[in-house]
Structure formats: structure tokens, C-alpha cells
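Right, one structure below, let's go through it.
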Amino acid sequence: MPSVVRHNAWLQPFSILVQQYGVPRYEEINPTGLFALTFVCLFGMMFGDVGHGAVIMLAALWFRRSLGVFTFFALAAGASSVLFGFLYGSLFGYEHIIQAYWINPLTDPLYMIKVALIGGVGFLTLTTLLNIINALLLGNRQGALFERNGLLSLLFYIGLVGVAYNLSGHSAGNIAWPLLAGLALACLFIYKLYEPSSSKLPERILVALIETFETVIGYISNTLSFLRVAAFSLNHVALAIAVFTLANSMQGTGHWLMVIFGNLFILVLEGAIVTIQALRLEYYEGFTRFYAGDGKAFRPLKL
């Protein structure tokens with residue numbers, strides 16, 4: 001059945017980006033709302049600056065006729081950048097004009113890495129839960145439990161995160177987390193081993209091992225992908241430092257020209273890269289986990 005995808009004007013640009021990946025079916029959760037919220041948060045965290053965010057918003061209003069429905073997309077990204085700019089205490093790269101309400105990323109890079117990883121764990125847990133719900137909506141109870149990104153995979157991931165927590169020096173003697181991860185992984189392996197197949201036992205064992213190993217590597221690599229969020233928040237500050245270092249080597253007009261054009265360079269280049277990276281996290285770490293997007297868009301007949 002063709003899907004009629006309708007959203008209010010605020011969500012329309014995000015819906016268009018979702019449909020670039022695939023059209024939602026009626027039997028699955030439409031990810032547009034989640035995509036809008038998480039994309040805006042990711043963009044702001046990677047590109048937090050009050051001045052740069054304000055410029056993005058002003059540019060969106062100035063070019064609103066050319067941007068069309070994407071005007072709100074740019075406004076939302078700019079507003080998020082302004083918000084995180086206040087949290088980081090950054091104004092056009094200056095770190096001493098306004099007070100940081102949270103933290104300046106470069107003062108504690110390890111803390112920013114920890115925050116990014118925790119956010120990644122939350123994101124992957126949520127998208128796995130959405131995949132389980134989608135399977136149940138389709139009546140696929142076996143898939144919701146055993147298949148990739150099902151309940152057993154989620155339990156394994158929770159156990160894996162608990163093991164990492166233990167290794168970081170917290171509750172080092174707690175065996176509950178490794179036990180949970182091990183049991184869930186063993187159940188996944190047994191399920192893969194005894195799936196209906198015409199292959200012989202040695203071949204089934206090899207396939208089960210590969211698919212189980214893929215589950216492990218998939219969750220680890222997807223979690224580590226969120227390190228880019230911390231990396232770009234640090235990169236933003238580092239680029240500003242480089243610009244001011246060059247500007248301070250000049251006098252008078254040259255100093256201010258370097259500050260202005262250096263900020264324009266950061267705004268255009270890093271702004272574009274951060275947008276691409278946020279979309280990548282949404283598409284590859286998010287949608288591939290729970291969103292099929294194999295629906296067919298409804299297109300009315302026209303004379």
C-alpha cells in the first residue's frame with residue numbers, strides 16, 4: 001500500500017531527508033521525529049558557538065525564499081549551535097567573552113569523549129528498542145527476540161557496556177555484566193546454528209560464528225563512531241585557536257581581516273562537514289538498525 005507521508009512545516013525538511021534513505025511503511029515506526037531531535041542535538045554539540053549559530057540563523061532568514069522548506073532545518077541547526085555555544089562559552093571562537101554554562105571542550109577532552117560515548121550508547125539502545133517494536137508490530141516475535149538487533153542483541157549490548165564500565169575501574173568484581181553478555185551471545189550463536197538450512201553442520205558452525213562475531217563488532221564499531229561527536233567539538237575550538245594565532249601575528253587591519261575570514265572559513269567548511277557527519281550517524285548508526293524504508297510513496301494522479 002502506498003504511504004501518504006504528511007508532517008507539519010517544522011518537520012517537513014527532516015521528512016524529506018528521511019525519505020532520501022527510504023519511504024516509511026504503515027507497519028513501521030516513522031523515524032522523522034526522532035531524526036529531527038537527534039540530528040539537531042548532534043549538530044549543536046559538534047558545532048557549538050553562539051556567533052556561528054546566530055550567523056546560520058540570520059543566513060537562513062535572509063535566504064528563506066531559496067531554502068524553501070529547509071529554512072526551518074537551518075534555523076533549528078543554528079539555534080542548537082547557539083545553545084551549545086552558551087554551554088561551551090564560545091562566541092566566534094572567543095572563549096573568554098561569555099561564561100561557559102557547562103564546559104569548554106578543550107579543558108577536558110576525556111570528559112567530552114565520555115559524554116559522546118554515553119550518548120552513543122543511549123542512541124544505539126533506543127534504535128534497537130525501536131527495531132524490536134517494529135518486529136512486534138509486524139507480528140514477527142521470533143525476529144524481535146533472536147534476529148539481528150533483537151532483544152538478545154540488546155541484552156548482549158547492555159552486558160558489553162557493563163563490562164566496559166567494570167574495566168574502567170567501577171565495580172571491577174561484578175560478574176553480572178560479563179555473564180549477561182556471554183549468555184546472550186551464546187543464545188544468539190545457538191539460534192544461528194540451528195536456523196533452517198540445507199548446509200552441513202561444519203558450514204553452519206562457520207556461518208553462525210561469522211554472524212555472531214559480526215554482531216559483536218557491529219555494536220562496538222557503531223558505539224565508537226560517536227567519538228566523532230567529541231572530536232568535532234574539540235576540532236571547533238582547535239580551529240579557532242589556529243585562526244587567532246595567525247591573527248595575533250598581524251597588526252591593525254590584517255588582524256581583524258584574519259579573524260573575520262578565519263571565522264567564515266570555520267563556518268562554511270566545518271559547518272558543512274558537521275552536517276555530513278551528523279547525517280552519517282543518523283543513516284548508518286541509526287536507520288540501518290531499525291528502519292527498513294521500503295515503502296512506496298503515494299503520488300496522486302494528475303491531469
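Convention: chains lettered A, B, ... in C-alpha cells order; per-chain residue numbering from 1; ligands numbered from 1 as shown.
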
Problem set entry | For Tyr26 of chain A: contacts at 10 Å, only C-alpha atoms, fewer than 3 positions along chain excluded, given as an NGL selection string | :A and (1-5 or 23 or 29-30 or 295)

Can I get the selected residues back with C-alpha atoms, as a PDB file, in the first residue's frame?
```pdb
ATOM      1  CA  MET A   1       0.000   0.000   0.000  1.00  0.00           C
ATOM      2  CA  PRO A   2       1.457   3.428  -0.927  1.00  0.00           C
ATOM      3  CA  SER A   3       2.337   5.599   2.075  1.00  0.00           C
ATOM      4  CA  VAL A   4       0.966   9.125   2.459  1.00  0.00           C
ATOM      5  CA  VAL A   5       3.701  10.956   4.362  1.00  0.00           C
ATOM      6  CA  VAL A  23       9.865   5.781   2.464  1.00  0.00           C
ATOM      7  CA  ILE A  29       7.643   3.464  13.092  1.00  0.00           C
ATOM      8  CA  ASN A  30       8.183   6.688  11.153  1.00  0.00           C
ATOM      9  CA  GLY A 295       7.580   1.681   1.396  1.00  0.00           C
TER      10      GLY A 295
END
```

Problem set entry | Neighbour list for Thr38 of chain A as a PyMOL selection string, cut-off 10 Å, only C-alpha atoms, skip fewer than 6 positions in-chain | chain A and resi 44+123+278+281-282

For this session: Would you mind listing what lies within 10 Å of Leu145 of chain A as a PyMOL selection string, with only C-alpha atoms counted and same-chain residues fewer than 3 positions away left out?
Result: chain A and resi 132+135-136+140-142+148-154+188

Seminar exercise, completed: Judged by only C-alpha atoms, the minimum distance to Ala292 of chain A among A:Leu58, A:Val18, A:Ala240, A:Leu234 is found for A:Val18

If we count only C-alpha atoms, what is near Val274 of chain A at a cut-off of 8 Å, once residues fewer than 4 positions away on the same chain are taken out, given as a CSV table (one decimal) with C-alpha atoms, in the first residue's frame?
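Saved to part-v8.csv:
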```
chain,number,residue,atom,x,y,z
A,43,PHE,CA,24.9,19.3,15.1
A,46,MET,CA,29.7,19.3,17.3
A,47,PHE,CA,29.4,22.9,16.2
A,232,PHE,CA,34.4,17.8,16.2
A,270,GLU,CA,33.3,22.9,9.4
A,278,ALA,CA,25.6,14.1,11.8
```

For this session: Would you work out the distance separating atom CA of Ala144 of chain A from atom CA of Thr127 of chain A, expressed in Å to one decimal?
Result: 12.9 Å

Exercise. Hey, can you check how far atom CA of Ser90 of chain A sits from atom CA of Leu239 of chain A?
Worked result: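 Here the two named atoms are 12.5 Å from each other.
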